[in-house]
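J.: What follows is coords_33.pdb; its format and atoms are PDB, C-alpha atoms and all ligand atoms.
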```pdb
ATOM      1  CA  MET A   1      56.998 -51.221  86.494
ATOM      2  CA  THR A   2      57.281 -47.455  86.050
ATOM      3  CA  ILE A   3      55.989 -46.015  82.805
ATOM      4  CA  PRO A   4      57.744 -42.743  81.890
ATOM      5  CA  GLN A   5      55.330 -39.811  82.006
ATOM      6  CA  HIS A   6      55.947 -36.297  80.782
ATOM      7  CA  PRO A   7      53.138 -34.138  82.131
ATOM      8  CA  GLY A   8      52.958 -30.810  80.351
ATOM      9  CA  HIS A   9      54.961 -32.150  77.403
ATOM     10  CA  PRO A  10      52.480 -32.198  74.524
ATOM     11  CA  LEU A  11      52.688 -34.845  71.868
ATOM     12  CA  PHE A  12      54.650 -33.619  68.832
ATOM     13  CA  PRO A  13      53.643 -35.705  65.796
ATOM     14  CA  VAL A  14      56.052 -35.740  62.857
ATOM     15  CA  VAL A  15      55.829 -37.818  59.679
ATOM     16  CA  ALA A  16      58.769 -38.923  57.563
ATOM     17  CA  ALA A  17      59.373 -40.937  54.424
ATOM     18  CA  ALA A  18      61.992 -43.470  53.415
ATOM     19  CA  LEU A  19      61.914 -43.126  49.643
ATOM     20  CA  VAL A  20      63.277 -46.363  48.173
ATOM     21  CA  ASP A  21      64.471 -46.306  44.554
ATOM     22  CA  ASP A  22      64.674 -49.168  42.051
ATOM     23  CA  ALA A  23      68.217 -49.971  43.240
ATOM     24  CA  GLY A  24      66.999 -50.303  46.843
ATOM     25  CA  ARG A  25      68.639 -47.077  47.984
ATOM     26  CA  VAL A  26      67.028 -44.719  50.499
ATOM     27  CA  LEU A  27      66.890 -40.941  50.158
ATOM     28  CA  LEU A  28      68.194 -38.831  53.051
ATOM     29  CA  GLN A  29      68.266 -35.060  53.220
ATOM     30  CA  GLN A  30      70.515 -32.746  55.195
ATOM     31  CA  ARG A  31      68.851 -30.395  57.659
ATOM     32  CA  PRO A  32      69.701 -26.814  56.711
ATOM     33  CA  GLU A  33      71.639 -24.211  58.666
ATOM     34  CA  GLY A  34      69.458 -22.267  61.067
ATOM     35  CA  LYS A  35      67.144 -25.165  61.931
ATOM     36  CA  ALA A  36      67.378 -27.394  64.966
ATOM     37  CA  LEU A  37      69.688 -30.361  64.330
ATOM     38  CA  ALA A  38      71.305 -28.514  61.388
ATOM     39  CA  GLY A  39      73.734 -30.592  59.358
ATOM     40  CA  LEU A  40      72.258 -33.933  60.371
ATOM     41  CA  TRP A  41      70.721 -36.244  57.774
ATOM     42  CA  GLU A  42      67.070 -37.136  58.080
ATOM     43  CA  PHE A  43      64.151 -38.755  56.348
ATOM     44  CA  PRO A  44      62.197 -36.065  54.435
ATOM     45  CA  GLY A  45      59.000 -35.032  56.196
ATOM     46  CA  GLY A  46      57.838 -32.685  58.904
ATOM     47  CA  LYS A  47      55.243 -31.610  61.404
ATOM     48  CA  LEU A  48      51.539 -32.251  61.104
ATOM     49  CA  GLU A  49      49.472 -29.119  60.651
ATOM     50  CA  GLN A  50      46.263 -28.570  62.593
ATOM     51  CA  GLY A  51      43.618 -31.120  61.584
ATOM     52  CA  GLU A  52      45.879 -32.997  59.149
ATOM     53  CA  THR A  53      46.126 -36.753  58.965
ATOM     54  CA  PRO A  54      49.653 -38.187  58.960
ATOM     55  CA  GLU A  55      49.207 -39.282  55.349
ATOM     56  CA  ALA A  56      48.010 -35.862  54.159
ATOM     57  CA  ALA A  57      50.889 -34.201  55.999
ATOM     58  CA  LEU A  58      53.464 -36.474  54.409
ATOM     59  CA  VAL A  59      52.076 -36.006  50.887
ATOM     60  CA  ARG A  60      52.227 -32.219  51.457
ATOM     61  CA  GLU A  61      55.748 -32.301  52.928
ATOM     62  CA  LEU A  62      57.141 -34.411  50.070
ATOM     63  CA  LEU A  63      55.791 -31.923  47.554
ATOM     64  CA  GLU A  64      57.102 -28.931  49.528
ATOM     65  CA  GLU A  65      60.528 -30.395  50.291
ATOM     66  CA  LEU A  66      61.297 -32.579  47.263
ATOM     67  CA  ASP A  67      58.891 -31.445  44.538
ATOM     68  CA  ILE A  68      57.494 -34.957  44.093
ATOM     69  CA  ALA A  69      53.880 -36.109  43.953
ATOM     70  CA  VAL A  70      52.944 -39.134  46.055
ATOM     71  CA  SER A  71      49.605 -40.877  46.362
ATOM     72  CA  PRO A  72      48.478 -41.637  49.920
ATOM     73  CA  ALA A  73      48.019 -45.239  48.725
ATOM     74  CA  ALA A  74      51.796 -45.439  48.162
ATOM     75  CA  LEU A  75      52.614 -44.756  51.841
ATOM     76  CA  GLU A  76      53.593 -47.982  53.643
ATOM     77  CA  PRO A  77      53.702 -47.608  57.448
ATOM     78  CA  ALA A  78      57.099 -49.004  58.424
ATOM     79  CA  GLY A  79      57.889 -47.913  61.980
ATOM     80  CA  PHE A  80      57.822 -45.188  64.579
ATOM     81  CA  ALA A  81      59.928 -43.589  67.296
ATOM     82  CA  SER A  82      58.595 -42.144  70.552
ATOM     83  CA  GLU A  83      60.833 -40.053  72.771
ATOM     84  CA  PRO A  84      61.113 -36.791  74.721
ATOM     85  CA  LEU A  85      62.296 -33.822  72.667
ATOM     86  CA  ALA A  86      62.917 -30.652  74.701
ATOM     87  CA  ASP A  87      59.550 -29.589  76.156
ATOM     88  CA  ARG A  88      57.522 -31.929  73.927
ATOM     89  CA  HIS A  89      57.227 -35.632  73.217
ATOM     90  CA  LEU A  90      58.202 -36.574  69.666
ATOM     91  CA  LEU A  91      56.132 -39.198  67.877
ATOM     92  CA  LEU A  92      57.975 -39.782  64.609
ATOM     93  CA  MET A  93      56.107 -41.951  62.100
ATOM     94  CA  LEU A  94      58.055 -43.494  59.230
ATOM     95  CA  TYR A  95      56.536 -44.619  55.934
ATOM     96  CA  VAL A  96      58.277 -46.427  53.084
ATOM     97  CA  VAL A  97      57.530 -44.907  49.662
ATOM     98  CA  ARG A  98      58.497 -46.736  46.479
ATOM     99  CA  ASP A  99      56.355 -44.918  43.940
ATOM    100  CA  TRP A 100      56.267 -41.191  43.185
ATOM    101  CA  ALA A 101      56.039 -38.803  40.260
ATOM    102  CA  GLY A 102      58.878 -36.392  39.565
ATOM    103  CA  THR A 103      62.561 -36.306  40.440
ATOM    104  CA  PRO A 104      63.386 -35.442  44.053
ATOM    105  CA  ARG A 105      65.256 -32.163  44.411
ATOM    106  CA  ALA A 106      66.267 -30.353  47.575
ATOM    107  CA  LEU A 107      63.898 -27.405  47.884
ATOM    108  CA  GLU A 108      64.499 -26.927  51.607
ATOM    109  CA  ALA A 109      67.393 -29.220  52.548
ATOM    110  CA  ASP A 110      71.101 -28.475  52.170
ATOM    111  CA  GLY A 111      71.593 -31.699  50.222
ATOM    112  CA  LEU A 112      70.183 -35.059  49.217
ATOM    113  CA  VAL A 113      71.864 -38.448  49.164
ATOM    114  CA  TRP A 114      70.730 -41.830  47.897
ATOM    115  CA  CYS A 115      72.116 -44.178  50.487
ATOM    116  CA  ARG A 116      72.276 -47.963  50.594
ATOM    117  CA  PRO A 117      70.366 -49.203  53.675
ATOM    118  CA  GLU A 118      73.503 -50.898  54.983
ATOM    119  CA  ASP A 119      75.414 -47.586  54.744
ATOM    120  CA  MET A 120      72.985 -45.473  56.737
ATOM    121  CA  ALA A 121      75.145 -45.556  59.866
ATOM    122  CA  PHE A 122      77.686 -43.405  58.031
ATOM    123  CA  TRP A 123      75.252 -40.486  57.713
ATOM    124  CA  PRO A 124      74.786 -38.769  61.106
ATOM    125  CA  MET A 125      71.085 -38.581  61.920
ATOM    126  CA  PRO A 126      69.019 -37.143  64.821
ATOM    127  CA  PRO A 127      68.909 -39.324  67.929
ATOM    128  CA  ALA A 128      65.290 -40.381  67.362
ATOM    129  CA  ASP A 129      66.244 -41.932  64.015
ATOM    130  CA  GLY A 130      68.322 -44.770  65.462
ATOM    131  CA  PRO A 131      65.302 -46.971  66.203
ATOM    132  CA  LEU A 132      63.727 -45.949  62.894
ATOM    133  CA  VAL A 133      66.751 -47.093  60.914
ATOM    134  CA  ARG A 134      66.688 -50.457  62.695
ATOM    135  CA  GLN A 135      62.972 -50.843  61.953
ATOM    136  CA  LEU A 136      63.564 -49.813  58.346
ATOM    137  CA  HIS A 137      66.291 -52.440  57.960
ATOM    138  CA  ALA A 138      63.935 -55.093  59.285
ATOM    139  CA  TYR A 139      61.136 -53.881  57.023
ATOM    140  CA  LEU A 140      63.402 -53.912  53.950
ATOM    141  CA  GLY A 141      64.979 -57.230  54.889
ATOM    142  CA  PHE A 142      68.423 -56.040  55.983
ATOM    143  CA  SER A 143      69.884 -57.399  59.193
ATOM    144  CA  ALA A 144      73.197 -55.579  59.637
ATOM    145  CA  MET A 145      75.209 -52.555  58.632
ATOM    146  CA  THR A 146      78.457 -53.879  57.250
ATOM    147  CA  GLU A 147      80.533 -52.357  54.477
ATOM    148  CA  ALA A 148      81.967 -48.873  54.090
ATOM    149  CA  PRO A 149      79.941 -46.465  51.972
ATOM    150  CA  GLY A 150      79.910 -47.662  48.401
ATOM    151  CA  ASP A 151      77.699 -46.400  45.634
ATOM    152  CA  SER A 152      75.826 -43.885  47.718
ATOM    153  CA  GLY A 153      75.086 -41.019  45.411
ATOM    154  CA  MET A 154      74.965 -37.368  46.415
ATOM    155  CA  VAL A 155      72.429 -35.588  44.245
TER     156      VAL A 155
HETATM  157  N1  LIG B 201      61.504 -34.815  58.911
HETATM  158  C1  LIG B 201      62.180 -35.377  59.917
HETATM  159  N2  LIG B 201      62.159 -34.822  61.156
HETATM  160  C2  LIG B 201      62.862 -35.457  62.117
HETATM  161  C3  LIG B 201      63.573 -36.648  61.857
HETATM  162  N3  LIG B 201      64.164 -37.049  63.013
HETATM  163  C4  LIG B 201      63.849 -36.142  63.966
HETATM  164  O1  LIG B 201      64.209 -36.160  65.150
HETATM  165  N4  LIG B 201      63.060 -35.173  63.428
HETATM  166  C5  LIG B 201      62.555 -34.053  64.191
HETATM  167  C6  LIG B 201      63.326 -32.785  63.945
HETATM  168  C7  LIG B 201      62.294 -31.724  64.224
HETATM  169  O2  LIG B 201      62.261 -31.506  65.627
HETATM  170  C8  LIG B 201      60.997 -32.383  63.801
HETATM  171  C9  LIG B 201      60.582 -31.985  62.418
HETATM  172  O3  LIG B 201      60.332 -30.638  62.442
HETATM  173  P1  LIG B 201      60.725 -29.649  61.284
HETATM  174  O4  LIG B 201      60.814 -28.310  61.901
HETATM  175  O5  LIG B 201      61.901 -30.123  60.512
HETATM  176  O6  LIG B 201      59.449 -29.838  60.411
HETATM  177  P2  LIG B 201      58.934 -29.005  59.198
HETATM  178  O7  LIG B 201      59.612 -29.529  57.958
HETATM  179  O8  LIG B 201      57.457 -29.081  59.271
HETATM  180  O9  LIG B 201      59.569 -27.571  59.479
HETATM  181  P3  LIG B 201      59.059 -26.071  59.439
HETATM  182  O10 LIG B 201      57.663 -26.072  58.908
HETATM  183  O11 LIG B 201      59.177 -25.629  60.866
HETATM  184  O12 LIG B 201      60.059 -25.406  58.554
HETATM  185  O13 LIG B 201      61.230 -33.796  63.848
HETATM  186  C10 LIG B 201      63.572 -37.205  60.555
HETATM  187  O14 LIG B 201      64.180 -38.249  60.238
HETATM  188  N5  LIG B 201      62.849 -36.529  59.620
END
```
Output the file's structure in the form of structure tokens.
T.:
Amino acid sequence: MTIPQHPGHPLFPVVAAALVDDAGRVLLQQRPEGKALAGLWEFPGGKLEQGETPEAALVRELLEELDIAVSPAALEPAGFASEPLADRHLLLMLYVVRDWAGTPRALEADGLVWCRPEDMAFWPMPPADGPLVRQLHAYLGFSAMTEAPGDSGMV
């Protein structure tokens, strides 16, 4: 068996959060103009800074991007994606978050949407997010994406 290797492609760790509200909806944000993958919808989060743990990075990113306070104890590891991304290798770690203080608002994104898990296929996301969405469905107990978008709420 051949294991894919990418010599000279450093690991690029990124953390992301699936915020789940009381109605079971998941928050997605739209990547802004001028950034890579602009216009696509993603889980809030971002790159680890030097010396940061994934949990510290995600707590920081959620404050910077959404103006919400999250305890590291509220971060539930829920899945990951691992794939080449340009000259690096993306390791995208997804946490479920059900408890936070404050009301999420888009400080950096072009928009926010509360999306039912079964509607997530209707929001175009970066390629690495496909496996994450499948893992998130399994984690949340959904098995299929079925109906057309329903009560998804742009905020
Ligand atoms: N936050 C997030 N990033 C994702 C997702 N899917 C995906 O491929 N990515 C990629 C896009 C980027 O290459 C990388 C995140 O980098 P970024 O530049 O947005 O991170 P950041 O918020 O720290 O940005 P900045 O400091 O450079 O402004 O991860 C996702 O669902 N959420």
J.: In Å, how far is it from atom CA of A:Arg88 to atom CA of A:Gly39?
T.: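 So the two atoms, atom CA of A:Arg88 and atom CA of A:Gly39, lie 21.8 Å apart.
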J.: Which residues of chain A come within 8 Å of ligand LIG 201 (chain B), and what is each one's closest atom pair and distance in Å (one decimal), counting all atoms listed in the file, sorted by chain and residue number, as JSON lines?
T.:
```
{"residue": "A:Val14", "atom": "CA", "partner": "B:LIG201", "partner_atom": "O13", "distance": 5.6}
{"residue": "A:Val15", "atom": "CA", "partner": "B:LIG201", "partner_atom": "N1", "distance": 6.5}
{"residue": "A:Ala16", "atom": "CA", "partner": "B:LIG201", "partner_atom": "N1", "distance": 5.1}
{"residue": "A:Ala17", "atom": "CA", "partner": "B:LIG201", "partner_atom": "N5", "distance": 7.6}
{"residue": "A:Arg31", "atom": "CA", "partner": "B:LIG201", "partner_atom": "O5", "distance": 7.5}
{"residue": "A:Lys35", "atom": "CA", "partner": "B:LIG201", "partner_atom": "O4", "distance": 7.1}
{"residue": "A:Ala36", "atom": "CA", "partner": "B:LIG201", "partner_atom": "O2", "distance": 6.6}
{"residue": "A:Leu37", "atom": "CA", "partner": "B:LIG201", "partner_atom": "C6", "distance": 6.8}
{"residue": "A:Trp41", "atom": "CA", "partner": "B:LIG201", "partner_atom": "O14", "distance": 7.3}
{"residue": "A:Glu42", "atom": "CA", "partner": "B:LIG201", "partner_atom": "O14", "distance": 3.8}
{"residue": "A:Phe43", "atom": "CA", "partner": "B:LIG201", "partner_atom": "O14", "distance": 3.9}
{"residue": "A:Pro44", "atom": "CA", "partner": "B:LIG201", "partner_atom": "N1", "distance": 4.7}
{"residue": "A:Gly45", "atom": "CA", "partner": "B:LIG201", "partner_atom": "N1", "distance": 3.7}
{"residue": "A:Gly46", "atom": "CA", "partner": "B:LIG201", "partner_atom": "O6", "distance": 3.6}
{"residue": "A:Lys47", "atom": "CA", "partner": "B:LIG201", "partner_atom": "O8", "distance": 4.0}
{"residue": "A:Leu48", "atom": "CA", "partner": "B:LIG201", "partner_atom": "O8", "distance": 7.0}
{"residue": "A:Glu61", "atom": "CA", "partner": "B:LIG201", "partner_atom": "O7", "distance": 6.9}
{"residue": "A:Glu65", "atom": "CA", "partner": "B:LIG201", "partner_atom": "O7", "distance": 7.8}
{"residue": "A:Leu85", "atom": "CA", "partner": "B:LIG201", "partner_atom": "O2", "distance": 7.4}
{"residue": "A:Leu90", "atom": "CA", "partner": "B:LIG201", "partner_atom": "O13", "distance": 7.1}
{"residue": "A:Leu92", "atom": "CA", "partner": "B:LIG201", "partner_atom": "O13", "distance": 6.9}
{"residue": "A:Met125", "atom": "CA", "partner": "B:LIG201", "partner_atom": "O14", "distance": 7.1}
{"residue": "A:Pro126", "atom": "CA", "partner": "B:LIG201", "partner_atom": "O1", "distance": 4.9}
{"residue": "A:Pro127", "atom": "CA", "partner": "B:LIG201", "partner_atom": "O1", "distance": 6.3}
{"residue": "A:Ala128", "atom": "CA", "partner": "B:LIG201", "partner_atom": "O1", "distance": 4.9}
{"residue": "A:Asp129", "atom": "CA", "partner": "B:LIG201", "partner_atom": "N3", "distance": 5.4}
```
J.: Let me see the file: selected residues, C-alpha atoms, as an mmCIF file, keeping the file's coordinate frame.
T.:
```
data_model
loop_
_atom_site.group_PDB
_atom_site.id
_atom_site.type_symbol
_atom_site.label_atom_id
_atom_site.label_comp_id
_atom_site.auth_asym_id
_atom_site.auth_seq_id
_atom_site.Cartn_x
_atom_site.Cartn_y
_atom_site.Cartn_z
ATOM 1 C CA VAL A 14 56.052 -35.740 62.857
ATOM 2 C CA VAL A 15 55.829 -37.818 59.679
ATOM 3 C CA ALA A 16 58.769 -38.923 57.563
ATOM 4 C CA ALA A 17 59.373 -40.937 54.424
ATOM 5 C CA ARG A 31 68.851 -30.395 57.659
ATOM 6 C CA LYS A 35 67.144 -25.165 61.931
ATOM 7 C CA ALA A 36 67.378 -27.394 64.966
ATOM 8 C CA LEU A 37 69.688 -30.361 64.330
ATOM 9 C CA TRP A 41 70.721 -36.244 57.774
ATOM 10 C CA GLU A 42 67.070 -37.136 58.080
ATOM 11 C CA PHE A 43 64.151 -38.755 56.348
ATOM 12 C CA PRO A 44 62.197 -36.065 54.435
ATOM 13 C CA GLY A 45 59.000 -35.032 56.196
ATOM 14 C CA GLY A 46 57.838 -32.685 58.904
ATOM 15 C CA LYS A 47 55.243 -31.610 61.404
ATOM 16 C CA LEU A 48 51.539 -32.251 61.104
ATOM 17 C CA GLU A 61 55.748 -32.301 52.928
ATOM 18 C CA GLU A 65 60.528 -30.395 50.291
ATOM 19 C CA LEU A 85 62.296 -33.822 72.667
ATOM 20 C CA LEU A 90 58.202 -36.574 69.666
ATOM 21 C CA LEU A 92 57.975 -39.782 64.609
ATOM 22 C CA MET A 125 71.085 -38.581 61.920
ATOM 23 C CA PRO A 126 69.019 -37.143 64.821
ATOM 24 C CA PRO A 127 68.909 -39.324 67.929
ATOM 25 C CA ALA A 128 65.290 -40.381 67.362
ATOM 26 C CA ASP A 129 66.244 -41.932 64.015
#
```
J.: Please list as a list in words every residue within 10 Å of A:Gly141, counting all atoms listed in the file and excluding residues in the same chain fewer than 5 positions away.
T.: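 Skipping anything fewer than 5 positions along the chain leaves Pro117, Gln135 and Leu136 of chain A.
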J.: With distances taken over all atoms listed in the file, which residue among A:Leu94, A:Val26, A:Leu112, A:Leu19 lies nearest A:Ser82?
T.: A:Leu94
J.: Please expand the PyMOL selection byres (((chain A and resi 55) around 12) and not hetatm) into the concrete residues it hits in this file, giving the result as a PyMOL selection string.
T.: chain A and resi 13-17+45-49+51-54+56-62+70-77+93-97
J.: Could you list, as JSON, numbers by chain, every residue matched by the PyMOL selection byres (((chain A and resi 108) around 8) and not hetatm) in this structure?
T.: {"A": [32, 64, 65, 66, 106, 107, 109, 110]}
J.: Could you check how far atom CA of A:Val155 sits from atom CA of A:Leu28, in Å to one decimal?
T.: 10.3 Å
J.: Pick the closest to A:Gly24 from A:Cys115, A:Met120, A:Val133, A:Ala86: which is it, counting only C-alpha atoms?
T.: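 With only C-alpha atoms as the atom set, the closest residue is A:Cys115.
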J.: What gap, in Å, lies between atom CA of A:Trp123 and atom CA of A:Leu40?
T.: 7.7 Å
J.: The PyMOL selection byres (((chain A and resi 69) around 7) and not hetatm) - which residues does that actually catch in the file I just gave you? List them as a list in words.
T.: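 When the PyMOL selection byres (((chain A and resi 69) around 7) and not hetatm) is applied, the selected residues are Leu63, Asp67, Ile68, Val70, Ser71, Trp100, Ala101 and Gly102 of chain A.
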J.: Here is a test: counting all atoms listed in the file, which residue of A:Asp99, A:Asp87, A:Glu33, A:Asp22 is nearest to A:Arg116?
T.: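 Among the listed residues, the smallest separation from A:Arg116 belongs to A:Asp22.
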J.: Point out the residue among A:Gly111, A:Gly8, A:Gly34, A:Gly79 with the least atom-to-atom distance to A:Arg134, counting only C-alpha atoms.
T.: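 Going through A:Gly111, A:Gly8, A:Gly34, A:Gly79 one by one, the smallest distance to A:Arg134 is for A:Gly79.
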